[in-house]
$ cat input23.pdb   # PDB, C-alpha atoms
ATOM      1  CA  MET J   1     -79.495 -83.326 -40.815
ATOM      2  CA  GLU J   2     -79.512 -82.809 -37.057
ATOM      3  CA  ARG J   3     -77.944 -79.488 -36.082
ATOM      4  CA  ASN J   4     -75.340 -80.872 -33.677
ATOM      5  CA  GLN J   5     -74.210 -83.328 -36.291
ATOM      6  CA  MET J   6     -73.918 -80.519 -38.820
ATOM      7  CA  ARG J   7     -71.790 -78.526 -36.408
ATOM      8  CA  ARG J   8     -69.546 -81.512 -35.765
ATOM      9  CA  GLN J   9     -69.083 -81.927 -39.509
ATOM     10  CA  LEU J  10     -68.365 -78.231 -39.810
ATOM     11  CA  ALA J  11     -65.710 -78.440 -37.109
ATOM     12  CA  LEU J  12     -64.084 -81.400 -38.855
ATOM     13  CA  MET J  13     -64.176 -79.576 -42.173
ATOM     14  CA  ARG J  14     -62.545 -76.545 -40.615
ATOM     15  CA  GLN J  15     -59.866 -78.603 -38.898
ATOM     16  CA  SER J  16     -59.027 -80.285 -42.198
ATOM     17  CA  PHE J  17     -58.231 -76.878 -43.722
ATOM     18  CA  PHE J  18     -55.452 -76.437 -41.162
ATOM     19  CA  ASP J  19     -54.308 -80.058 -41.183
ATOM     20  CA  GLN J  20     -53.986 -80.069 -44.970
ATOM     21  CA  GLY J  21     -52.175 -76.745 -45.027
ATOM     22  CA  PHE J  22     -54.798 -74.704 -46.851
ATOM     23  CA  LEU J  23     -55.157 -72.207 -44.003
ATOM     24  CA  ASP J  24     -52.871 -70.965 -41.264
ATOM     25  CA  GLU J  25     -53.355 -69.245 -37.894
ATOM     26  CA  GLN J  26     -54.185 -65.939 -39.586
ATOM     27  CA  PHE J  27     -57.617 -67.393 -40.392
ATOM     28  CA  ILE J  28     -58.126 -67.895 -36.663
ATOM     29  CA  GLN J  29     -57.421 -64.218 -36.150
ATOM     30  CA  LEU J  30     -60.245 -63.422 -38.558
ATOM     31  CA  GLU J  31     -62.533 -65.712 -36.584
ATOM     32  CA  GLU J  32     -61.540 -63.909 -33.388
ATOM     33  CA  LEU J  33     -62.719 -60.649 -34.964
ATOM     34  CA  GLN J  34     -66.191 -62.059 -35.532
ATOM     35  CA  ASP J  35     -68.692 -61.085 -32.873
ATOM     36  CA  ASP J  36     -72.294 -59.972 -32.392
ATOM     37  CA  ALA J  37     -71.557 -56.658 -34.099
ATOM     38  CA  ASN J  38     -69.885 -58.423 -37.043
ATOM     39  CA  PRO J  39     -71.457 -61.888 -37.138
ATOM     40  CA  ASN J  40     -70.416 -62.614 -40.726
ATOM     41  CA  PHE J  41     -67.023 -60.949 -40.701
ATOM     42  CA  VAL J  42     -65.048 -63.961 -41.884
ATOM     43  CA  GLU J  43     -67.315 -64.747 -44.798
ATOM     44  CA  GLU J  44     -67.474 -61.072 -45.779
ATOM     45  CA  VAL J  45     -63.705 -60.709 -45.801
ATOM     46  CA  VAL J  46     -63.205 -63.935 -47.711
ATOM     47  CA  THR J  47     -65.830 -62.852 -50.251
ATOM     48  CA  LEU J  48     -64.027 -59.533 -50.614
ATOM     49  CA  TYR J  49     -60.758 -61.412 -51.075
ATOM     50  CA  TYR J  50     -62.125 -63.502 -53.935
ATOM     51  CA  ARG J  51     -63.698 -60.479 -55.562
ATOM     52  CA  ASP J  52     -60.550 -58.346 -55.401
ATOM     53  CA  SER J  53     -58.136 -61.097 -56.287
ATOM     54  CA  SER J  54     -60.112 -62.227 -59.335
ATOM     55  CA  ARG J  55     -59.285 -58.835 -60.838
ATOM     56  CA  LEU J  56     -55.628 -59.260 -59.926
ATOM     57  CA  ILE J  57     -55.561 -62.690 -61.527
ATOM     58  CA  LEU J  58     -56.938 -61.218 -64.726
ATOM     59  CA  ASN J  59     -54.301 -58.492 -64.674
ATOM     60  CA  ILE J  60     -51.522 -60.988 -64.077
ATOM     61  CA  ASP J  61     -52.808 -63.312 -66.806
ATOM     62  CA  GLN J  62     -52.776 -60.407 -69.256
ATOM     63  CA  ALA J  63     -49.348 -59.283 -68.115
ATOM     64  CA  LEU J  64     -48.005 -62.808 -68.628
ATOM     65  CA  GLU J  65     -49.100 -62.718 -72.258
ATOM     66  CA  ARG J  66     -46.779 -59.832 -73.002
ATOM     67  CA  ASN J  67     -43.416 -60.384 -74.588
ATOM     68  CA  PRO J  68     -41.070 -59.536 -73.014
ATOM     69  CA  LEU J  69     -42.582 -59.738 -69.553
ATOM     70  CA  ASP J  70     -42.704 -56.621 -67.428
ATOM     71  CA  PHE J  71     -41.348 -58.183 -64.234
ATOM     72  CA  ASN J  72     -41.730 -54.972 -62.272
ATOM     73  CA  LYS J  73     -45.444 -54.821 -63.052
ATOM     74  CA  LEU J  74     -45.862 -58.505 -62.242
ATOM     75  CA  ASP J  75     -44.038 -58.010 -58.972
ATOM     76  CA  ASN J  76     -46.372 -55.159 -58.027
ATOM     77  CA  TYR J  77     -49.456 -57.245 -58.795
ATOM     78  CA  MET J  78     -48.089 -60.143 -56.802
ATOM     79  CA  HIS J  79     -47.273 -57.839 -53.912
ATOM     80  CA  GLN J  80     -50.929 -57.006 -53.582
ATOM     81  CA  PHE J  81     -52.005 -60.607 -54.106
ATOM     82  CA  LYS J  82     -49.675 -61.893 -51.441
ATOM     83  CA  GLY J  83     -50.729 -59.195 -49.010
ATOM     84  CA  SER J  84     -54.380 -60.131 -49.164
ATOM     85  CA  SER J  85     -53.738 -63.887 -49.303
ATOM     86  CA  THR J  86     -51.537 -63.651 -46.228
ATOM     87  CA  SER J  87     -54.136 -61.580 -44.442
ATOM     88  CA  ILE J  88     -56.851 -64.218 -44.764
ATOM     89  CA  GLY J  89     -54.502 -67.080 -43.937
ATOM     90  CA  ALA J  90     -54.436 -68.678 -47.395
ATOM     91  CA  LYS J  91     -51.260 -70.629 -46.729
ATOM     92  CA  LYS J  92     -50.726 -72.505 -49.990
ATOM     93  CA  VAL J  93     -51.676 -69.503 -52.111
ATOM     94  CA  LYS J  94     -49.243 -67.381 -50.114
ATOM     95  CA  ALA J  95     -46.449 -69.904 -50.752
ATOM     96  CA  GLU J  96     -47.070 -69.752 -54.507
ATOM     97  CA  CYS J  97     -47.014 -65.949 -54.373
ATOM     98  CA  THR J  98     -43.599 -66.080 -52.726
ATOM     99  CA  GLN J  99     -42.324 -68.544 -55.319
ATOM    100  CA  PHE J 100     -43.678 -66.375 -58.143
ATOM    101  CA  ARG J 101     -41.842 -63.388 -56.768
ATOM    102  CA  GLU J 102     -38.582 -65.302 -56.673
ATOM    103  CA  TYR J 103     -38.985 -66.085 -60.360
ATOM    104  CA  CYS J 104     -39.828 -62.425 -61.048
ATOM    105  CA  LYS J 105     -36.670 -61.289 -59.301
ATOM    106  CA  ALA J 106     -34.675 -63.822 -61.314
ATOM    107  CA  GLY J 107     -36.323 -62.714 -64.548
ATOM    108  CA  ASN J 108     -37.510 -66.277 -65.143
ATOM    109  CA  SER J 109     -40.553 -66.089 -67.446
ATOM    110  CA  GLU J 110     -41.190 -69.804 -67.544
ATOM    111  CA  GLY J 111     -40.965 -70.067 -63.796
ATOM    112  CA  CYS J 112     -43.460 -67.231 -63.420
ATOM    113  CA  MET J 113     -45.944 -68.814 -65.795
ATOM    114  CA  ARG J 114     -45.629 -72.260 -64.279
ATOM    115  CA  THR J 115     -45.990 -70.942 -60.729
ATOM    116  CA  PHE J 116     -48.951 -68.818 -61.646
ATOM    117  CA  GLN J 117     -50.786 -71.860 -63.005
ATOM    118  CA  GLN J 118     -50.157 -73.631 -59.699
ATOM    119  CA  LEU J 119     -51.230 -70.536 -57.777
ATOM    120  CA  LYS J 120     -54.529 -70.402 -59.647
ATOM    121  CA  LYS J 121     -55.079 -74.066 -58.878
ATOM    122  CA  GLU J 122     -54.532 -73.601 -55.146
ATOM    123  CA  TYR J 123     -56.655 -70.469 -55.198
ATOM    124  CA  ALA J 124     -59.553 -72.314 -56.853
ATOM    125  CA  ILE J 125     -59.308 -75.299 -54.496
ATOM    126  CA  LEU J 126     -59.416 -73.051 -51.453
ATOM    127  CA  LYS J 127     -62.321 -71.104 -52.891
ATOM    128  CA  ARG J 128     -64.374 -74.282 -53.368
ATOM    129  CA  LYS J 129     -63.579 -75.479 -49.865
ATOM    130  CA  LEU J 130     -64.435 -72.178 -48.226
ATOM    131  CA  GLU J 131     -67.653 -71.788 -50.203
ATOM    132  CA  ALA J 132     -68.777 -75.231 -49.057
ATOM    133  CA  TYR J 133     -67.738 -74.391 -45.511
ATOM    134  CA  PHE J 134     -69.699 -71.136 -45.356
ATOM    135  CA  GLN J 135     -72.715 -72.759 -46.921
ATOM    136  CA  GLN J 136     -72.693 -75.467 -44.295
ATOM    137  CA  ALA J 137     -72.106 -72.862 -41.560
ATOM    138  CA  ARG J 138     -75.216 -71.017 -42.682
ATOM    139  CA  GLN J 139     -77.229 -74.217 -42.609
ATOM    140  CA  ALA J 140     -75.908 -75.099 -39.187
ATOM    141  CA  GLY J 141     -77.087 -71.705 -37.971
ATOM    142  CA  PRO J 142     -75.628 -69.378 -35.317
ATOM    143  CA  LEU J 143     -74.322 -70.827 -32.079
ATOM    144  CA  GLU J 144     -76.019 -70.113 -28.748
ATOM    145  CA  THR J 145     -72.712 -69.558 -26.922
ATOM    146  CA  ALA J 146     -71.522 -65.965 -26.720
ATOM    147  CA  CYS J 147     -68.759 -64.789 -28.944
ATOM    148  CA  ARG J 148     -65.711 -63.102 -27.469
ATOM    149  CA  SER J 149     -66.567 -60.450 -24.950
ATOM    150  CA  ARG J 150     -65.342 -56.914 -25.165
ATOM    151  CA  ASN J 151     -64.442 -54.614 -22.238
TER     152      ASN J 151
ATOM    153  CA  MET Z   1     -49.674 -78.761 -38.241
ATOM    154  CA  GLY Z   2     -53.249 -78.771 -36.996
ATOM    155  CA  ALA Z   3     -52.352 -79.347 -33.333
ATOM    156  CA  ALA Z   4     -51.993 -75.648 -32.558
ATOM    157  CA  VAL Z   5     -55.560 -74.997 -33.577
ATOM    158  CA  ASP Z   6     -57.303 -78.023 -32.076
ATOM    159  CA  HIS Z   7     -58.674 -76.054 -29.143
ATOM    160  CA  VAL Z   8     -60.478 -73.508 -31.271
ATOM    161  CA  SER Z   9     -63.978 -74.314 -32.381
ATOM    162  CA  PRO Z  10     -65.564 -73.130 -35.601
ATOM    163  CA  MET Z  11     -66.285 -69.502 -36.355
ATOM    164  CA  GLY Z  12     -67.624 -67.349 -33.591
ATOM    165  CA  MET Z  13     -66.925 -69.796 -30.782
ATOM    166  CA  SER Z  14     -63.615 -68.353 -29.715
ATOM    167  CA  GLY Z  15     -65.256 -66.724 -26.690
ATOM    168  CA  GLY Z  16     -63.613 -69.487 -24.710
ATOM    169  CA  SER Z  17     -60.384 -67.508 -24.916
ATOM    170  CA  GLY Z  18     -61.870 -64.912 -22.545
ATOM    171  CA  GLN Z  19     -61.642 -61.166 -22.711
ATOM    172  CA  ARG Z  20     -59.738 -59.583 -25.486
ATOM    173  CA  PHE Z  21     -57.139 -56.854 -24.903
ATOM    174  CA  SER Z  22     -58.575 -53.338 -25.148
ATOM    175  CA  CYS Z  23     -56.883 -49.996 -24.676
ATOM    176  CA  LYS Z  24     -57.765 -47.926 -21.576
ATOM    177  CA  ASN Z  25     -57.516 -44.480 -23.161
ATOM    178  CA  LYS Z  26     -58.918 -43.052 -26.350
ATOM    179  CA  LEU Z  27     -56.491 -43.947 -29.114
ATOM    180  CA  THR Z  28     -56.808 -43.238 -32.813
ATOM    181  CA  ALA Z  29     -55.264 -44.895 -35.819
ATOM    182  CA  LEU Z  30     -55.098 -44.455 -39.568
ATOM    183  CA  VAL Z  31     -54.683 -47.357 -41.981
ATOM    184  CA  VAL Z  32     -53.215 -46.435 -45.348
ATOM    185  CA  ASP Z  33     -53.638 -49.372 -47.713
ATOM    186  CA  ASN Z  34     -55.127 -49.646 -51.195
ATOM    187  CA  GLY Z  35     -55.908 -53.357 -50.789
ATOM    188  CA  GLY Z  36     -59.523 -53.707 -49.699
ATOM    189  CA  VAL Z  37     -58.970 -56.939 -47.808
ATOM    190  CA  CYS Z  38     -55.906 -55.729 -45.921
ATOM    191  CA  GLN Z  39     -57.581 -52.443 -45.134
ATOM    192  CA  ALA Z  40     -60.692 -54.187 -43.800
ATOM    193  CA  ILE Z  41     -58.741 -56.623 -41.645
ATOM    194  CA  GLN Z  42     -56.262 -54.130 -40.224
ATOM    195  CA  THR Z  43     -59.098 -51.745 -39.400
ATOM    196  CA  ALA Z  44     -61.083 -54.510 -37.713
ATOM    197  CA  ILE Z  45     -58.072 -55.628 -35.691
ATOM    198  CA  LEU Z  46     -57.375 -52.135 -34.372
ATOM    199  CA  ARG Z  47     -61.043 -51.494 -33.621
ATOM    200  CA  SER Z  48     -61.266 -54.779 -31.759
ATOM    201  CA  TYR Z  49     -58.600 -53.417 -29.413
ATOM    202  CA  GLY Z  50     -60.671 -50.283 -28.842
ATOM    203  CA  VAL Z  51     -58.708 -48.041 -31.202
ATOM    204  CA  GLU Z  52     -60.801 -45.595 -33.234
ATOM    205  CA  THR Z  53     -59.606 -46.296 -36.728
ATOM    206  CA  GLU Z  54     -59.993 -44.643 -40.095
ATOM    207  CA  ALA Z  55     -58.746 -45.954 -43.405
ATOM    208  CA  VAL Z  56     -57.671 -44.406 -46.696
ATOM    209  CA  GLU Z  57     -56.398 -45.918 -49.921
ATOM    210  CA  THR Z  58     -53.607 -43.571 -50.913
ATOM    211  CA  GLY Z  59     -50.690 -41.701 -49.422
ATOM    212  CA  GLU Z  60     -52.127 -38.488 -50.817
ATOM    213  CA  ALA Z  61     -55.398 -39.040 -48.946
ATOM    214  CA  ALA Z  62     -53.483 -39.693 -45.729
ATOM    215  CA  VAL Z  63     -51.430 -36.529 -46.117
ATOM    216  CA  GLU Z  64     -54.548 -34.514 -46.923
ATOM    217  CA  LEU Z  65     -56.328 -35.860 -43.846
ATOM    218  CA  ILE Z  66     -53.475 -34.946 -41.559
ATOM    219  CA  ALA Z  67     -53.010 -31.576 -43.228
ATOM    220  CA  SER Z  68     -56.679 -30.883 -42.451
ATOM    221  CA  GLY Z  69     -55.904 -31.245 -38.749
ATOM    222  CA  ALA Z  70     -56.653 -34.883 -38.015
ATOM    223  CA  THR Z  71     -54.262 -36.479 -35.564
ATOM    224  CA  PHE Z  72     -53.588 -40.130 -35.009
ATOM    225  CA  ASN Z  73     -51.651 -42.001 -32.352
ATOM    226  CA  LEU Z  74     -50.794 -44.729 -34.831
ATOM    227  CA  ILE Z  75     -50.500 -44.740 -38.617
ATOM    228  CA  ILE Z  76     -50.036 -47.985 -40.518
ATOM    229  CA  ILE Z  77     -48.765 -47.438 -44.044
ATOM    230  CA  GLU Z  78     -48.469 -50.027 -46.796
ATOM    231  CA  MET Z  79     -45.173 -49.949 -48.683
ATOM    232  CA  LEU Z  80     -46.611 -50.201 -52.160
ATOM    233  CA  LEU Z  81     -49.261 -47.558 -52.648
ATOM    234  CA  PRO Z  82     -50.427 -46.151 -55.968
ATOM    235  CA  PHE Z  83     -48.664 -42.886 -56.960
ATOM    236  CA  MET Z  84     -46.992 -41.822 -53.681
ATOM    237  CA  ASN Z  85     -45.407 -44.854 -52.007
ATOM    238  CA  GLY Z  86     -45.297 -45.691 -48.314
ATOM    239  CA  PRO Z  87     -41.957 -44.106 -47.435
ATOM    240  CA  GLU Z  88     -42.806 -40.890 -49.304
ATOM    241  CA  THR Z  89     -46.118 -40.779 -47.435
ATOM    242  CA  ALA Z  90     -44.311 -41.238 -44.111
ATOM    243  CA  LYS Z  91     -41.846 -38.502 -45.077
ATOM    244  CA  GLN Z  92     -44.596 -36.018 -45.860
ATOM    245  CA  ILE Z  93     -46.475 -36.878 -42.677
ATOM    246  CA  ARG Z  94     -43.343 -36.296 -40.606
ATOM    247  CA  ALA Z  95     -42.626 -33.067 -42.463
ATOM    248  CA  MET Z  96     -45.977 -31.784 -41.190
ATOM    249  CA  GLY Z  97     -44.786 -32.373 -37.646
ATOM    250  CA  ALA Z  98     -46.939 -35.411 -36.897
ATOM    251  CA  GLN Z  99     -45.745 -37.274 -33.793
ATOM    252  CA  SER Z 100     -47.730 -40.419 -34.574
ATOM    253  CA  LYS Z 101     -46.203 -43.845 -34.266
ATOM    254  CA  ILE Z 102     -45.729 -44.926 -37.890
ATOM    255  CA  LEU Z 103     -45.683 -48.592 -38.786
ATOM    256  CA  GLY Z 104     -44.608 -49.483 -42.305
ATOM    257  CA  ILE Z 105     -46.158 -52.708 -43.539
ATOM    258  CA  THR Z 106     -45.559 -54.812 -46.631
ATOM    259  CA  ALA Z 107     -46.400 -58.107 -48.268
ATOM    260  CA  PHE Z 108     -42.742 -58.931 -48.968
ATOM    261  CA  PHE Z 109     -40.105 -57.933 -46.427
ATOM    262  CA  ASP Z 110     -37.146 -56.250 -48.092
ATOM    263  CA  GLU Z 111     -34.145 -54.749 -46.304
ATOM    264  CA  ARG Z 112     -33.820 -51.866 -48.740
ATOM    265  CA  ASP Z 113     -37.488 -51.027 -48.316
ATOM    266  CA  GLN Z 114     -37.033 -51.212 -44.565
ATOM    267  CA  GLN Z 115     -34.127 -48.759 -44.683
ATOM    268  CA  GLU Z 116     -36.114 -46.446 -46.921
ATOM    269  CA  PHE Z 117     -39.160 -46.541 -44.655
ATOM    270  CA  LEU Z 118     -37.211 -46.000 -41.449
ATOM    271  CA  ALA Z 119     -35.172 -43.183 -43.019
ATOM    272  CA  ALA Z 120     -38.467 -41.573 -44.042
ATOM    273  CA  GLY Z 121     -39.616 -41.514 -40.426
ATOM    274  CA  ALA Z 122     -41.356 -44.815 -39.789
ATOM    275  CA  ASP Z 123     -40.781 -46.305 -36.344
ATOM    276  CA  LYS Z 124     -41.061 -49.903 -37.421
ATOM    277  CA  TYR Z 125     -41.404 -51.966 -40.582
ATOM    278  CA  ILE Z 126     -43.092 -55.353 -40.665
ATOM    279  CA  GLU Z 127     -44.310 -57.992 -43.055
ATOM    280  CA  LYS Z 128     -48.044 -58.712 -43.254
ATOM    281  CA  PRO Z 129     -50.160 -59.957 -41.586
ATOM    282  CA  LEU Z 130     -50.719 -57.499 -38.765
ATOM    283  CA  SER Z 131     -50.498 -59.842 -35.789
ATOM    284  CA  PRO Z 132     -51.483 -59.378 -32.122
ATOM    285  CA  GLU Z 133     -47.829 -60.017 -31.167
ATOM    286  CA  ILE Z 134     -46.842 -56.892 -33.092
ATOM    287  CA  VAL Z 135     -49.780 -54.593 -32.545
ATOM    288  CA  ILE Z 136     -50.682 -55.145 -28.878
ATOM    289  CA  PRO Z 137     -47.279 -53.991 -27.514
ATOM    290  CA  ILE Z 138     -47.506 -50.904 -29.727
ATOM    291  CA  ILE Z 139     -50.989 -50.057 -28.484
ATOM    292  CA  ARG Z 140     -49.978 -50.736 -24.850
ATOM    293  CA  LYS Z 141     -47.076 -48.334 -25.165
ATOM    294  CA  LEU Z 142     -49.289 -45.644 -26.704
ATOM    295  CA  ASP Z 143     -51.915 -46.308 -24.047
ATOM    296  CA  ASN Z 144     -49.410 -45.700 -21.236
TER     297      ASN Z 144
END
$ encode --input "input23.pdb" --output "structure tokens"
Amino acid sequence: MERNQMRRQLALMRQSFFDQGFLDEQFIQLEELQDDANPNFVEEVVTLYYRDSSRLILNIDQALERNPLDFNKLDNYMHQFKGSSTSIGAKKVKAECTQFREYCKAGNSEGCMRTFQQLKKEYAILKRKLEAYFQQARQAGPLETACRSRN
Amino acid sequence: MGAAVDHVSPMGMSGGSGQRFSCKNKLTALVVDNGGVCQAIQTAILRSYGVETEAVETGEAAVELIASGATFNLIIIEMLLPFMNGPETAKQIRAMGAQSKILGITAFFDERDQQEFLAAGADKYIEKPLSPEIVIPIIRKLDN
């Protein structure tokens, strides 16, 4: 596929992430940090996010199997999950984290379990979208225009 | 929802926004956060503004670093750290006489946590993410 066309598709794909509420302006801040010295910063951070959070998901899944639930432990796990999700701009995931915490505070086991299923869904959807995006970005190749300049 | 971001092109093309803020003087910062992603992003943000930044994962490591003589203009401390929490870390750093600007940061804003952090010696307490709106004024003040 012609490179310009690929880049146009990439731009449309990216815009759809914001339009559909998957990402927020925090993702733009990550993009602003990408430069010649760190040309793959966004993909690296997102890869780190999925690596770290997969462990958290496992921990939360295991914690949700306990009876009774340890809401304090769950809250701590979700604290970390929300922190990293917020930091990459994962808007829908962040919203589910907030909802989960509300159920934790209320001691609502069913609410926690239900919300966590939804969270995992949003997490997986975003992962698929971002993987496709980065793959296409690699195929489209680096841009000739300079990245942000530094003093 | 997407209107605010229409002007920004895909990754790496934000050079259209011009020069980025950078501090004039040598400033140093320490990020204390056990989350790899948050640590990486906060460090990158500060470095992008010209601040020499180190990062550690625990309050104990931060205290040890400062006890060894390291000084920082700015210290950003996560609320929920393993073992010694954010406020306790801030307390111990202040007890050593550190004059650094301390910013407490958390995933979930909580008024009790805020009171605890400020009472422990933090100058400010914010909810993640670390945004330019928060960090640039802090750096400007330190820079002047």
$ resolve_selection --input "input23.pdb" --expression "the PyMOL selection byres ((chain J and resi 1-8) around 8)" --output "PyMOL selection string"
chain J and resi 9-12+136-137+140
$ resolve_selection --input "input23.pdb" --expression "the PyMOL selection byres ((chain Z and resi 59) around 7)" --output "PDB file with C-alpha atoms, keeping the file's coordinate frame"
ATOM      1  CA  VAL Z  32     -53.215 -46.435 -45.348  1.00  0.00           C
ATOM      2  CA  THR Z  58     -53.607 -43.571 -50.913  1.00  0.00           C
ATOM      3  CA  GLU Z  60     -52.127 -38.488 -50.817  1.00  0.00           C
ATOM      4  CA  ALA Z  61     -55.398 -39.040 -48.946  1.00  0.00           C
ATOM      5  CA  ALA Z  62     -53.483 -39.693 -45.729  1.00  0.00           C
ATOM      6  CA  VAL Z  63     -51.430 -36.529 -46.117  1.00  0.00           C
ATOM      7  CA  LEU Z  81     -49.261 -47.558 -52.648  1.00  0.00           C
ATOM      8  CA  MET Z  84     -46.992 -41.822 -53.681  1.00  0.00           C
ATOM      9  CA  ASN Z  85     -45.407 -44.854 -52.007  1.00  0.00           C
ATOM     10  CA  GLY Z  86     -45.297 -45.691 -48.314  1.00  0.00           C
ATOM     11  CA  THR Z  89     -46.118 -40.779 -47.435  1.00  0.00           C
TER      12      THR Z  89
END
$ resolve_selection --input "input23.pdb" --expression "the PyMOL selection byres ((chain J and resi 104-110) around 8)" --output "count of residues only"
13
$ closest_residue --input "input23.pdb" --among "Z:Gln39, Z:Ser100, Z:Leu80, Z:Asp143" --to "Z:Leu27" --atoms "only C-alpha atoms"
Z:Asp143
$ residues_around --input "input23.pdb" --residues "stretch 108-117 of chain Z" --least-positions-apart "6" --cutoff "10 Å" --atoms "all atoms listed in the file" --output "PyMOL selection string"
(chain J and resi 78-80+82-83+97-98+101) or (chain Z and resi 77+79-80+85-91+102+123-128)
$ closest_residue --input "input23.pdb" --among "J:Leu56, J:Ser84, J:Thr47, J:Gln26" --to "Z:Gly35" --atoms "all atoms listed in the file"
J:Ser84
$ closest_residue --input "input23.pdb" --among "J:Gln118, J:Ser85, J:Asn38, J:Asn67" --to "Z:Ala44" --atoms "only C-alpha atoms"
J:Asn38
$ atom_distance --input "input23.pdb" --atom1 "atom CA of J:Arg14" --atom2 "atom CA of Z:Ile136"
27.1 Å
$ closest_residue --input "input23.pdb" --among "Z:Ser68, Z:Asn73, Z:Ser22, Z:Asn144" --to "chain J" --atoms "only C-alpha atoms"
Z:Ser22
$ atom_distance --input "input23.pdb" --atom1 "atom CA of J:Asn76" --atom2 "atom CA of Z:Pro129"
17.5 Å
$ decode --input "input23.pdb" --residues "stretch 120-133 of chain Z" --atoms "C-alpha atoms" --output "mmCIF file, in the first residue's frame"
data_model
loop_
_atom_site.group_PDB
_atom_site.id
_atom_site.type_symbol
_atom_site.label_atom_id
_atom_site.label_comp_id
_atom_site.auth_asym_id
_atom_site.auth_seq_id
_atom_site.Cartn_x
_atom_site.Cartn_y
_atom_site.Cartn_z
ATOM 1 C CA ALA Z 120 4.052 14.725 56.602
ATOM 2 C CA GLY Z 121 5.709 17.588 54.743
ATOM 3 C CA ALA Z 122 4.534 17.371 51.151
ATOM 4 C CA ASP Z 123 3.921 20.709 49.448
ATOM 5 C CA LYS Z 124 1.186 19.488 47.165
ATOM 6 C CA TYR Z 125 -0.893 16.383 46.532
ATOM 7 C CA ILE Z 126 -2.342 15.523 43.142
ATOM 8 C CA GLU Z 127 -4.103 12.758 41.294
ATOM 9 C CA LYS Z 128 -2.326 11.070 38.380
ATOM 10 C CA PRO Z 129 -1.497 11.719 35.604
ATOM 11 C CA LEU Z 130 1.357 14.168 36.010
ATOM 12 C CA SER Z 131 0.225 16.907 33.641
ATOM 13 C CA PRO Z 132 2.089 19.895 32.149
ATOM 14 C CA GLU Z 133 -0.452 22.199 33.855
#
